[in-house]
file coords.txt (compact mmCIF, C-alpha atoms and all ligand atoms)
# COMPACT_ATOMS: atom_id res chain seq x y z
CA GLY K 219 4.32 14.30 -35.22
CA ALA K 220 6.70 11.49 -34.37
CA ASN K 221 3.99 9.39 -32.80
CA PRO K 222 2.93 6.58 -35.17
CA GLU K 223 -0.28 6.05 -33.18
CA LEU K 224 -1.36 9.55 -34.11
CA GLU K 225 -0.28 9.26 -37.72
CA ALA K 226 -2.30 6.06 -38.01
CA ALA K 227 -5.43 7.91 -36.99
CA PRO K 228 -6.88 9.96 -39.83
CA ALA K 229 -9.19 12.84 -39.01
CA THR K 230 -11.98 11.18 -40.99
CA VAL K 231 -12.40 7.58 -42.04
CA GLU K 232 -12.36 7.21 -45.80
CA GLY K 233 -15.67 6.13 -47.27
CA SER K 234 -17.57 6.65 -44.05
CA GLU K 235 -19.36 9.52 -42.42
CA ALA K 236 -17.66 8.92 -39.06
CA ALA K 237 -15.78 11.97 -37.81
CA ARG K 238 -12.76 10.74 -35.91
CA SER K 239 -10.32 12.67 -33.79
CA THR K 240 -7.43 11.74 -31.55
CA ALA K 241 -6.21 13.33 -28.34
CA ILE K 242 -3.13 12.77 -26.24
CA ALA K 243 -4.17 12.52 -22.62
CA GLN K 244 -3.36 10.96 -19.28
CA CYS K 245 -5.10 8.12 -17.47
CA PRO K 246 -7.19 9.69 -14.68
CA TYR K 247 -7.01 6.86 -12.18
CA CYS K 248 -3.78 6.53 -10.23
CA GLY K 249 -0.71 8.62 -9.54
CA VAL K 250 1.38 6.86 -12.17
CA GLY K 251 -0.22 9.08 -14.82
CA CYS K 252 0.14 6.84 -17.87
CA GLY K 253 0.10 8.50 -21.27
CA THR K 254 -3.04 7.52 -23.14
CA ILE K 255 -4.18 8.08 -26.70
CA ILE K 256 -7.89 8.68 -26.85
CA GLN K 257 -9.75 8.12 -30.08
CA VAL K 258 -13.13 9.75 -30.49
CA GLU K 259 -15.63 8.83 -33.17
CA ASN K 260 -18.79 10.87 -33.64
CA GLY K 261 -18.34 12.45 -30.23
CA LYS K 262 -17.86 9.13 -28.42
CA ILE K 263 -14.64 7.60 -27.10
CA VAL K 264 -14.06 4.38 -29.02
CA SER K 265 -10.62 3.49 -27.72
CA MET K 266 -8.01 4.42 -25.14
CA ARG K 267 -4.60 3.10 -26.04
CA PRO K 268 -1.31 3.29 -24.17
CA ASP K 269 1.06 5.90 -25.60
CA LYS K 270 4.27 4.18 -26.75
CA ASP K 271 6.22 7.44 -26.57
CA HIS K 272 5.18 8.41 -23.05
CA PRO K 273 8.18 8.37 -20.68
CA THR K 274 6.14 6.87 -17.85
CA ASN K 275 4.45 3.85 -19.35
CA TYR K 276 6.20 3.24 -22.71
CA GLY K 277 3.13 1.69 -24.31
CA LEU K 278 1.95 -0.23 -21.26
CA GLN K 279 -1.20 0.38 -19.27
CA CYS K 280 -3.18 -1.57 -16.73
CA ILE K 281 -6.79 -2.67 -17.15
CA LYS K 282 -8.08 0.34 -15.19
CA GLY K 283 -6.63 2.76 -17.73
CA LEU K 284 -7.53 0.68 -20.75
CA THR K 285 -11.20 0.65 -19.73
CA ALA K 286 -11.29 4.18 -18.26
CA ALA K 287 -13.84 5.40 -20.81
CA GLU K 288 -16.41 2.68 -20.11
CA PRO K 289 -17.96 4.20 -16.95
CA MET K 290 -18.80 7.33 -18.95
CA TYR K 291 -21.31 5.36 -20.98
CA VAL K 292 -22.96 3.43 -18.16
CA ASP K 293 -26.51 4.53 -17.50
CA ARG K 294 -26.46 4.92 -13.73
CA MET K 295 -30.22 5.27 -13.64
CA GLU K 296 -30.56 1.78 -15.04
CA GLY K 297 -30.67 -1.35 -12.89
CA ASP K 298 -31.70 -1.85 -9.28
CA SER K 299 -29.80 -0.61 -6.24
CA TYR K 300 -29.05 -2.55 -3.08
CA VAL K 301 -30.81 -1.14 -0.01
CA ARG K 302 -30.67 -2.65 3.46
CA LYS K 303 -33.86 -4.61 4.11
CA ASP K 304 -34.71 -3.05 7.48
CA VAL K 305 -33.96 0.47 6.20
CA TRP K 306 -36.32 -0.09 3.29
CA GLU K 307 -39.05 -1.47 5.58
CA GLU K 308 -38.72 1.57 7.83
CA TRP K 309 -38.86 3.93 4.84
CA ASN K 310 -42.09 2.33 3.63
CA LYS K 311 -43.91 2.95 6.92
CA PRO K 312 -46.47 5.81 7.09
CA ASP K 313 -44.61 9.17 6.79
CA HIS K 314 -41.45 7.13 6.13
CA GLY K 315 -41.15 6.07 9.79
CA ASP K 316 -38.01 7.18 11.62
CA LEU K 317 -35.88 9.12 9.13
CA ALA K 318 -32.84 8.75 11.41
CA TYR K 319 -33.24 4.97 11.56
CA VAL K 320 -29.89 3.16 11.61
CA SER K 321 -29.80 -0.33 10.16
CA LYS K 322 -29.47 -3.21 12.60
CA THR K 323 -27.34 -5.02 10.04
CA LYS K 324 -24.84 -2.17 9.58
CA GLY K 325 -21.37 -3.55 8.98
CA SER K 326 -22.54 -6.81 7.43
CA PHE K 327 -22.63 -7.23 3.68
CA ASP K 328 -24.40 -10.58 3.48
CA GLU K 329 -26.80 -10.69 0.54
CA GLU K 330 -29.72 -11.66 2.81
CA HIS K 331 -29.67 -8.21 4.47
CA PHE K 332 -30.45 -6.40 1.22
CA VAL K 333 -33.33 -5.86 -1.18
CA ARG K 334 -33.08 -4.63 -4.77
CA VAL K 335 -34.89 -1.36 -5.31
CA PRO K 336 -35.29 0.68 -8.53
CA TYR K 337 -32.56 3.33 -8.67
CA GLU K 338 -35.02 6.25 -8.77
CA GLN K 339 -36.75 5.10 -5.57
CA ALA K 340 -33.49 4.44 -3.74
CA SER K 341 -31.98 7.81 -4.68
CA ASN K 342 -35.25 9.51 -3.74
CA MET K 343 -34.96 8.01 -0.24
CA VAL K 344 -31.35 9.19 0.12
CA ALA K 345 -32.21 12.71 -1.10
CA HIS K 346 -35.17 12.89 1.29
CA LYS K 347 -33.01 11.87 4.27
CA ILE K 348 -30.21 14.31 3.40
CA ALA K 349 -32.75 17.15 3.18
CA HIS K 350 -34.26 16.05 6.50
CA PHE K 351 -30.90 16.11 8.34
CA ALA K 352 -29.86 19.43 6.79
CA LYS K 353 -33.14 21.06 7.84
CA THR K 354 -33.22 19.51 11.31
CA HIS K 355 -29.57 19.73 12.37
CA GLY K 356 -27.98 22.17 9.89
CA GLY K 357 -25.79 21.52 6.87
CA ASN K 358 -22.73 20.62 8.91
CA SER K 359 -24.49 17.52 10.20
CA ILE K 360 -23.69 16.04 6.80
CA GLY K 361 -20.14 15.20 5.77
CA LEU K 362 -18.74 14.13 2.45
CA TYR K 363 -15.68 12.00 1.90
CA GLY K 364 -14.49 12.72 -1.62
CA SER K 365 -11.55 11.73 -3.68
CA GLY K 366 -8.46 13.27 -5.21
CA GLN K 367 -9.29 11.25 -8.31
CA LEU K 368 -12.36 13.35 -9.09
CA THR K 369 -12.17 15.58 -12.14
CA MET K 370 -12.03 19.34 -11.70
CA GLU K 371 -15.68 19.51 -12.75
CA GLY K 372 -16.57 16.79 -10.22
CA GLN K 373 -14.76 18.69 -7.44
CA TYR K 374 -16.63 21.84 -8.40
CA LEU K 375 -20.03 20.12 -8.27
CA GLU K 376 -19.15 18.43 -4.97
CA ASN K 377 -18.23 21.78 -3.40
CA LEU K 378 -21.22 23.55 -4.91
CA PHE K 379 -23.56 20.93 -3.47
CA MET K 380 -21.98 20.76 -0.02
CA LYS K 381 -21.19 24.45 0.57
CA GLY K 382 -23.68 26.20 -1.68
CA ILE K 383 -26.74 24.00 -1.24
CA LEU K 384 -26.38 22.13 2.07
CA GLY K 385 -24.29 24.80 3.82
CA SER K 386 -21.73 22.27 5.02
CA ASN K 387 -17.97 22.68 5.13
CA THR K 388 -17.49 19.12 6.34
CA ILE K 389 -15.66 17.85 3.30
CA GLU K 390 -12.66 15.57 3.44
CA ALA K 391 -10.84 13.57 0.81
CA ASN K 392 -8.47 10.65 0.62
CA ALA K 393 -5.91 13.10 -0.78
CA ARG K 394 -5.22 14.60 2.66
CA MET K 395 -5.20 11.29 4.53
CA CYS K 396 -2.74 9.92 2.03
CA MET K 397 -0.44 12.92 1.58
CA THR K 398 -0.20 14.09 5.20
CA SER K 399 1.56 10.91 6.22
CA ALA K 400 3.58 10.71 3.00
CA VAL K 401 4.79 14.34 3.14
CA THR K 402 5.79 13.97 6.80
CA GLY K 403 7.80 10.91 5.81
CA TYR K 404 9.39 12.64 2.79
CA PHE K 405 10.53 15.59 4.92
CA ALA K 406 11.94 13.37 7.64
CA THR K 407 13.80 10.99 5.34
CA LEU K 408 14.51 12.84 2.10
CA GLY K 409 14.25 16.53 3.05
CA SER K 410 11.65 17.35 0.41
CA ASP K 411 7.87 17.47 0.46
CA THR K 412 7.53 15.78 -2.92
CA PRO K 413 8.75 12.38 -4.03
CA PRO K 414 12.25 13.49 -5.12
CA LEU K 415 12.79 10.99 -7.89
CA ALA K 416 11.86 10.28 -11.46
CA TYR K 417 10.54 7.07 -12.98
CA GLU K 418 13.73 6.66 -14.95
CA ASP K 419 15.52 6.17 -11.61
CA ILE K 420 13.83 2.75 -11.46
CA GLU K 421 16.12 1.41 -14.17
CA LEU K 422 19.17 2.81 -12.30
CA CYS K 423 18.39 1.03 -9.01
CA ASP K 424 20.73 -1.53 -7.47
CA MET K 425 17.96 -2.63 -5.12
CA ILE K 426 14.27 -1.79 -4.75
CA MET K 427 12.28 -1.80 -1.50
CA HIS K 428 8.52 -1.41 -1.05
CA PHE K 429 7.11 -0.51 2.35
CA GLY K 430 3.44 -1.47 2.69
CA HIS K 431 3.12 -0.96 -1.03
CA ASN K 432 1.48 -3.55 -3.22
CA ALA K 433 2.70 -1.90 -6.40
CA ARG K 434 1.47 -4.71 -8.61
CA GLU K 435 -2.13 -3.74 -7.79
CA SER K 436 -1.87 -0.08 -6.82
CA HIS K 437 0.65 1.21 -9.36
CA PRO K 438 1.03 -1.59 -11.93
CA ILE K 439 3.28 0.31 -14.32
CA ILE K 440 5.81 0.99 -11.57
CA PHE K 441 5.75 -2.70 -10.68
CA TRP K 442 6.16 -3.79 -14.29
CA ARG K 443 9.11 -1.44 -14.78
CA ALA K 444 10.72 -2.60 -11.53
CA ALA K 445 10.06 -6.27 -12.37
CA ASP K 446 11.48 -5.80 -15.86
CA HIS K 447 14.60 -4.19 -14.39
CA LYS K 448 14.94 -7.02 -11.87
CA LYS K 449 14.65 -9.57 -14.64
CA LYS K 450 17.30 -7.86 -16.77
CA LYS K 451 19.79 -6.93 -14.02
CA ASP K 452 18.86 -9.49 -11.36
CA ILE K 453 18.69 -6.82 -8.64
CA PRO K 454 17.52 -7.77 -5.13
CA THR K 455 14.06 -6.64 -4.04
CA VAL K 456 12.54 -6.31 -0.58
CA VAL K 457 8.83 -6.04 0.18
CA VAL K 458 7.91 -5.08 3.74
CA ASP K 459 4.25 -5.97 4.09
CA PRO K 460 2.29 -8.20 6.48
CA ARG K 461 0.42 -9.55 3.45
CA ARG K 462 1.79 -11.96 0.89
CA THR K 463 0.84 -9.73 -2.02
CA GLY K 464 1.05 -10.02 -5.78
CA THR K 465 4.16 -7.82 -5.62
CA VAL K 466 5.88 -10.36 -3.35
CA MET K 467 4.89 -13.29 -5.56
CA GLY K 468 5.73 -11.48 -8.79
CA TYR K 469 9.31 -10.80 -7.66
CA GLU K 470 9.66 -14.36 -6.37
CA ASP K 471 8.60 -15.67 -9.77
CA ILE K 472 11.50 -13.78 -11.33
CA ASN K 473 14.13 -14.90 -8.82
CA PRO K 474 13.22 -16.33 -5.40
CA GLU K 475 16.89 -16.18 -4.33
CA ASN K 476 17.06 -12.38 -4.15
CA SER K 477 13.37 -11.57 -3.46
CA VAL K 478 12.90 -10.89 0.23
CA HIS K 479 9.50 -10.64 1.89
CA VAL K 480 9.49 -9.12 5.39
CA PRO K 481 5.99 -9.83 6.75
CA ILE K 482 5.83 -6.99 9.28
CA LEU K 483 4.99 -3.29 9.23
S1 LIG L 1 -1.10 2.33 -13.81
FE1 LIG L 1 -3.19 1.94 -14.57
S2 LIG L 1 -4.53 3.24 -13.29
FE2 LIG L 1 -2.42 3.98 -13.04
S3 LIG L 1 -2.23 5.65 -14.53
FE3 LIG L 1 -1.48 3.75 -15.52
S4 LIG L 1 -3.26 2.88 -16.60
FE4 LIG L 1 -4.02 4.42 -15.13

call {"tool": "encode", "arguments": {"input": "coords.txt", "output": "structure tokens", "more": "lines below"}}
Ligand code: SF4
result
Amino acid sequence: GANPELEAAPATVEGSEAARSTAIAQCPYCGVGCGTIIQVENGKIVSMRPDKDHPTNYGLQCIKGLTAAEPMYVDRMEGDSYVRKDVWEEWNKPDHGDLAYVSKTKGSFDEEHFVRVPYEQASNMVAHKIAHFAKTHGGNSIGLYGSGQLTMEGQYLENLFMKGILGSNTIEANARMCMTSAVTGYFATLGSDTPPLAYEDIELCDMIMHFGHNARESHPIIFWRAADHKKKKDIPTVVVDPRRTGTVMGYEDINPENSVHVPIL
């Protein structure tokens, strides 16, 4: 194909036994959807590179996308978990004490309130308590707050566990919290329930405004494209946000004269 990244990746490495393959994919993390080239060697991902030809990111990616494969190879059973000290003390009483015990230090994340416990023991405690609540109060006594970022397989397992095993339909996800407000806003202001624009509109803008949006952290590629456009065309930018975010400072670094920060929301 026309993509030099792909042409540079032979199916097998000469003089070695390593079987290498390349796949064009998309970063799974945020809504920007950066094009990524995944290289697999002997069944393991060895690199994830930004796709230069992708119309969204043009060869750029943030650190989240560049390291997206790493969590796949972390052994989650390895290393100790943090458990609240008083919860662990209660659990170690005869018959595990009060299974509905609520920590007295809930809400505080000071190191002194925690003990490190082998992963197996900590997850065993959690599993035991979930089973206890499901048996005592029914499956719907347990809720799960999931994520729109989960893979299809992850969503399937989540639903299987909650509905099929626990008998609970109390499942919510950030996707609804986020999109309910956004869609209401889109309808009211733009007359459409989807964001009615394309990324290439960024480079056509005469002015860019962000409302409560720290694009530099949340959607870095959008910020970089907007910042690049500002630098080239010197367009004014407005960030409405009570915080003095990286987006505010990034635009100010380019031109403080036409970078407005409105610290309200
Ligand atoms: S901006 Fe970062 S997290 Fe979002 S899709 Fe691109 S690489 Fe992934």

call {"tool": "closest_residue", "arguments": {"input": "coords.txt", "among": "K:Glu307, K:Glu376, K:Asp269, K:Asp298", "to": "ligand LIG 1 (chain L)", "atoms": "all atoms listed in the file"}}
result
K:Asp269

call {"tool": "residues_near_ligand", "arguments": {"input": "coords.txt", "ligand": "ligand LIG 1 (chain L)", "cutoff": "9 Å", "atoms": "only C-alpha atoms and all ligand atoms", "output": "PyMOL selection string"}}
result
chain K and resi 244-254+268+274-275+278-286+435-440

call {"tool": "residues_around", "arguments": {"input": "coords.txt", "residues": "Ser386 in chain K", "least_positions_apart": "3", "cutoff": "7 Å", "atoms": "all atoms listed in the file", "output": "VMD selection string"}}
result
chain K and resid 357 to 358 360 380 to 381

call {"tool": "closest_residue", "arguments": {"input": "coords.txt", "among": "K:Gly430, K:His355, K:Val478, K:Met425", "to": "Asp452 in chain K", "atoms": "only C-alpha atoms"}}
result
K:Met425

call {"tool": "atom_distance", "arguments": {"input": "coords.txt", "atom1": "CA of Ile255 in chain K", "atom2": "CA of Phe441 in chain K"}}
result
21.7 Å

call {"tool": "decode", "arguments": {"input": "coords.txt", "residues": "range 318-449 of chain K", "atoms": "C-alpha atoms", "output": "PDB file, in the first residue's frame"}}
result
ATOM      1  CA  ALA K 318     -20.747  -5.300  55.921  1.00  0.00           C
ATOM      2  CA  TYR K 319     -18.113  -3.342  57.846  1.00  0.00           C
ATOM      3  CA  VAL K 320     -17.530   0.128  56.386  1.00  0.00           C
ATOM      4  CA  SER K 321     -14.100   1.639  56.883  1.00  0.00           C
ATOM      5  CA  LYS K 322     -13.812   4.493  59.364  1.00  0.00           C
ATOM      6  CA  THR K 323     -11.203   6.068  57.106  1.00  0.00           C
ATOM      7  CA  LYS K 324     -13.376   6.037  53.971  1.00  0.00           C
ATOM      8  CA  GLY K 325     -12.677   9.094  51.851  1.00  0.00           C
ATOM      9  CA  SER K 326      -9.097   9.531  53.031  1.00  0.00           C
ATOM     10  CA  PHE K 327      -6.218   8.248  50.953  1.00  0.00           C
ATOM     11  CA  ASP K 328      -3.383   8.839  53.407  1.00  0.00           C
ATOM     12  CA  GLU K 329      -0.824   6.037  53.239  1.00  0.00           C
ATOM     13  CA  GLU K 330      -1.131   5.387  56.995  1.00  0.00           C
ATOM     14  CA  HIS K 331      -4.694   4.071  56.558  1.00  0.00           C
ATOM     15  CA  PHE K 332      -3.597   1.201  54.314  1.00  0.00           C
ATOM     16  CA  VAL K 333      -1.769  -2.113  54.545  1.00  0.00           C
ATOM     17  CA  ARG K 334      -0.228  -4.035  51.652  1.00  0.00           C
ATOM     18  CA  VAL K 335      -1.808  -7.441  51.171  1.00  0.00           C
ATOM     19  CA  PRO K 336      -0.959 -10.155  48.613  1.00  0.00           C
ATOM     20  CA  TYR K 337      -3.256  -9.785  45.597  1.00  0.00           C
ATOM     21  CA  GLU K 338      -4.764 -13.275  45.971  1.00  0.00           C
ATOM     22  CA  GLN K 339      -5.805 -12.601  49.576  1.00  0.00           C
ATOM     23  CA  ALA K 340      -7.230  -9.169  48.793  1.00  0.00           C
ATOM     24  CA  SER K 341      -9.251 -10.399  45.812  1.00  0.00           C
ATOM     25  CA  ASN K 342     -10.456 -13.362  47.866  1.00  0.00           C
ATOM     26  CA  MET K 343     -11.850 -10.929  50.453  1.00  0.00           C
ATOM     27  CA  VAL K 344     -13.629  -8.877  47.774  1.00  0.00           C
ATOM     28  CA  ALA K 345     -15.100 -12.008  46.137  1.00  0.00           C
ATOM     29  CA  HIS K 346     -16.282 -13.301  49.520  1.00  0.00           C
ATOM     30  CA  LYS K 347     -18.027 -10.003  50.334  1.00  0.00           C
ATOM     31  CA  ILE K 348     -19.693  -9.741  46.913  1.00  0.00           C
ATOM     32  CA  ALA K 349     -21.044 -13.287  47.299  1.00  0.00           C
ATOM     33  CA  HIS K 350     -22.250 -12.446  50.810  1.00  0.00           C
ATOM     34  CA  PHE K 351     -24.198  -9.353  49.674  1.00  0.00           C
ATOM     35  CA  ALA K 352     -25.681 -11.127  46.639  1.00  0.00           C
ATOM     36  CA  LYS K 353     -26.901 -14.015  48.810  1.00  0.00           C
ATOM     37  CA  THR K 354     -28.171 -11.819  51.645  1.00  0.00           C
ATOM     38  CA  HIS K 355     -29.760  -8.916  49.765  1.00  0.00           C
ATOM     39  CA  GLY K 356     -30.094 -10.152  46.161  1.00  0.00           C
ATOM     40  CA  GLY K 357     -27.993  -9.384  43.104  1.00  0.00           C
ATOM     41  CA  ASN K 358     -29.354  -5.868  42.691  1.00  0.00           C
ATOM     42  CA  SER K 359     -27.719  -4.843  45.949  1.00  0.00           C
ATOM     43  CA  ILE K 360     -24.501  -4.732  43.929  1.00  0.00           C
ATOM     44  CA  GLY K 361     -23.901  -2.106  41.277  1.00  0.00           C
ATOM     45  CA  LEU K 362     -21.145  -1.776  38.733  1.00  0.00           C
ATOM     46  CA  TYR K 363     -19.866   1.435  37.228  1.00  0.00           C
ATOM     47  CA  GLY K 364     -18.209   0.503  33.963  1.00  0.00           C
ATOM     48  CA  SER K 365     -16.669   2.383  31.130  1.00  0.00           C
ATOM     49  CA  GLY K 366     -17.311   3.113  27.482  1.00  0.00           C
ATOM     50  CA  GLN K 367     -13.606   2.473  26.967  1.00  0.00           C
ATOM     51  CA  LEU K 368     -13.948  -1.241  27.666  1.00  0.00           C
ATOM     52  CA  THR K 369     -13.466  -3.576  24.732  1.00  0.00           C
ATOM     53  CA  MET K 370     -16.443  -5.485  23.349  1.00  0.00           C
ATOM     54  CA  GLU K 371     -15.131  -8.606  25.077  1.00  0.00           C
ATOM     55  CA  GLY K 372     -14.781  -6.690  28.356  1.00  0.00           C
ATOM     56  CA  GLN K 373     -18.366  -5.402  28.074  1.00  0.00           C
ATOM     57  CA  TYR K 374     -19.563  -8.936  27.427  1.00  0.00           C
ATOM     58  CA  LEU K 375     -17.775 -10.338  30.492  1.00  0.00           C
ATOM     59  CA  GLU K 376     -19.017  -7.444  32.638  1.00  0.00           C
ATOM     60  CA  ASN K 377     -22.627  -8.106  31.608  1.00  0.00           C
ATOM     61  CA  LEU K 378     -22.253 -11.857  31.941  1.00  0.00           C
ATOM     62  CA  PHE K 379     -20.942 -11.471  35.478  1.00  0.00           C
ATOM     63  CA  MET K 380     -23.492  -8.890  36.626  1.00  0.00           C
ATOM     64  CA  LYS K 381     -26.638 -10.223  34.924  1.00  0.00           C
ATOM     65  CA  GLY K 382     -25.849 -13.901  34.478  1.00  0.00           C
ATOM     66  CA  ILE K 383     -24.009 -14.652  37.713  1.00  0.00           C
ATOM     67  CA  LEU K 384     -25.027 -12.032  40.283  1.00  0.00           C
ATOM     68  CA  GLY K 385     -28.508 -11.389  38.858  1.00  0.00           C
ATOM     69  CA  SER K 386     -28.050  -7.623  38.941  1.00  0.00           C
ATOM     70  CA  ASN K 387     -29.141  -5.120  36.324  1.00  0.00           C
ATOM     71  CA  THR K 388     -27.567  -2.244  38.223  1.00  0.00           C
ATOM     72  CA  ILE K 389     -24.943  -1.382  35.646  1.00  0.00           C
ATOM     73  CA  GLU K 390     -24.021   2.139  34.675  1.00  0.00           C
ATOM     74  CA  ALA K 391     -21.173   3.583  32.667  1.00  0.00           C
ATOM     75  CA  ASN K 392     -19.455   6.891  32.178  1.00  0.00           C
ATOM     76  CA  ALA K 393     -20.715   6.772  28.583  1.00  0.00           C
ATOM     77  CA  ARG K 394     -24.255   7.728  29.622  1.00  0.00           C
ATOM     78  CA  MET K 395     -23.210  10.389  32.135  1.00  0.00           C
ATOM     79  CA  CYS K 396     -21.019  11.973  29.516  1.00  0.00           C
ATOM     80  CA  MET K 397     -23.270  11.711  26.455  1.00  0.00           C
ATOM     81  CA  THR K 398     -26.617  12.619  28.049  1.00  0.00           C
ATOM     82  CA  SER K 399     -25.420  16.117  28.809  1.00  0.00           C
ATOM     83  CA  ALA K 400     -23.471  16.424  25.563  1.00  0.00           C
ATOM     84  CA  VAL K 401     -26.354  15.258  23.330  1.00  0.00           C
ATOM     85  CA  THR K 402     -28.792  17.612  25.077  1.00  0.00           C
ATOM     86  CA  GLY K 403     -26.358  20.438  24.390  1.00  0.00           C
ATOM     87  CA  TYR K 404     -25.813  19.401  20.747  1.00  0.00           C
ATOM     88  CA  PHE K 405     -29.566  19.346  20.070  1.00  0.00           C
ATOM     89  CA  ALA K 406     -30.140  22.700  21.728  1.00  0.00           C
ATOM     90  CA  THR K 407     -27.259  24.510  20.055  1.00  0.00           C
ATOM     91  CA  LEU K 408     -26.484  22.685  16.811  1.00  0.00           C
ATOM     92  CA  GLY K 409     -29.680  20.738  16.043  1.00  0.00           C
ATOM     93  CA  SER K 410     -27.942  17.373  15.815  1.00  0.00           C
ATOM     94  CA  ASP K 411     -27.316  14.611  18.320  1.00  0.00           C
ATOM     95  CA  THR K 412     -23.757  14.028  17.158  1.00  0.00           C
ATOM     96  CA  PRO K 413     -20.842  16.440  17.073  1.00  0.00           C
ATOM     97  CA  PRO K 414     -21.559  17.876  13.596  1.00  0.00           C
ATOM     98  CA  LEU K 415     -18.015  18.630  12.568  1.00  0.00           C
ATOM     99  CA  ALA K 416     -14.888  16.986  11.280  1.00  0.00           C
ATOM    100  CA  TYR K 417     -11.338  17.302  12.554  1.00  0.00           C
ATOM    101  CA  GLU K 418     -10.324  19.059   9.372  1.00  0.00           C
ATOM    102  CA  ASP K 419     -12.608  21.930  10.441  1.00  0.00           C
ATOM    103  CA  ILE K 420      -9.976  22.750  13.088  1.00  0.00           C
ATOM    104  CA  GLU K 421      -7.631  24.112  10.442  1.00  0.00           C
ATOM    105  CA  LEU K 422     -10.487  26.223   8.976  1.00  0.00           C
ATOM    106  CA  CYS K 423     -11.336  27.968  12.265  1.00  0.00           C
ATOM    107  CA  ASP K 424     -11.045  31.731  12.710  1.00  0.00           C
ATOM    108  CA  MET K 425     -11.343  31.286  16.469  1.00  0.00           C
ATOM    109  CA  ILE K 426     -11.463  28.299  18.820  1.00  0.00           C
ATOM    110  CA  MET K 427     -13.298  28.140  22.159  1.00  0.00           C
ATOM    111  CA  HIS K 428     -13.141  25.391  24.783  1.00  0.00           C
ATOM    112  CA  PHE K 429     -15.827  25.188  27.460  1.00  0.00           C
ATOM    113  CA  GLY K 430     -14.667  23.241  30.518  1.00  0.00           C
ATOM    114  CA  HIS K 431     -12.419  21.271  28.224  1.00  0.00           C
ATOM    115  CA  ASN K 432      -8.778  20.731  29.046  1.00  0.00           C
ATOM    116  CA  ALA K 433      -8.006  19.420  25.583  1.00  0.00           C
ATOM    117  CA  ARG K 434      -4.278  19.296  26.204  1.00  0.00           C
ATOM    118  CA  GLU K 435      -4.818  16.476  28.715  1.00  0.00           C
ATOM    119  CA  SER K 436      -8.104  14.927  27.627  1.00  0.00           C
ATOM    120  CA  HIS K 437      -7.769  15.001  23.839  1.00  0.00           C
ATOM    121  CA  PRO K 438      -4.115  15.887  23.164  1.00  0.00           C
ATOM    122  CA  ILE K 439      -4.254  15.477  19.397  1.00  0.00           C
ATOM    123  CA  ILE K 440      -7.104  17.969  19.112  1.00  0.00           C
ATOM    124  CA  PHE K 441      -5.114  20.407  21.234  1.00  0.00           C
ATOM    125  CA  TRP K 442      -1.954  19.923  19.184  1.00  0.00           C
ATOM    126  CA  ARG K 443      -3.845  20.484  15.933  1.00  0.00           C
ATOM    127  CA  ALA K 444      -5.565  23.582  17.341  1.00  0.00           C
ATOM    128  CA  ALA K 445      -2.284  24.902  18.787  1.00  0.00           C
ATOM    129  CA  ASP K 446      -0.499  24.287  15.495  1.00  0.00           C
ATOM    130  CA  HIS K 447      -3.243  26.171  13.645  1.00  0.00           C
ATOM    131  CA  LYS K 448      -3.046  29.030  16.153  1.00  0.00           C
ATOM    132  CA  LYS K 449       0.697  29.216  15.691  1.00  0.00           C
TER     133      LYS K 449
END
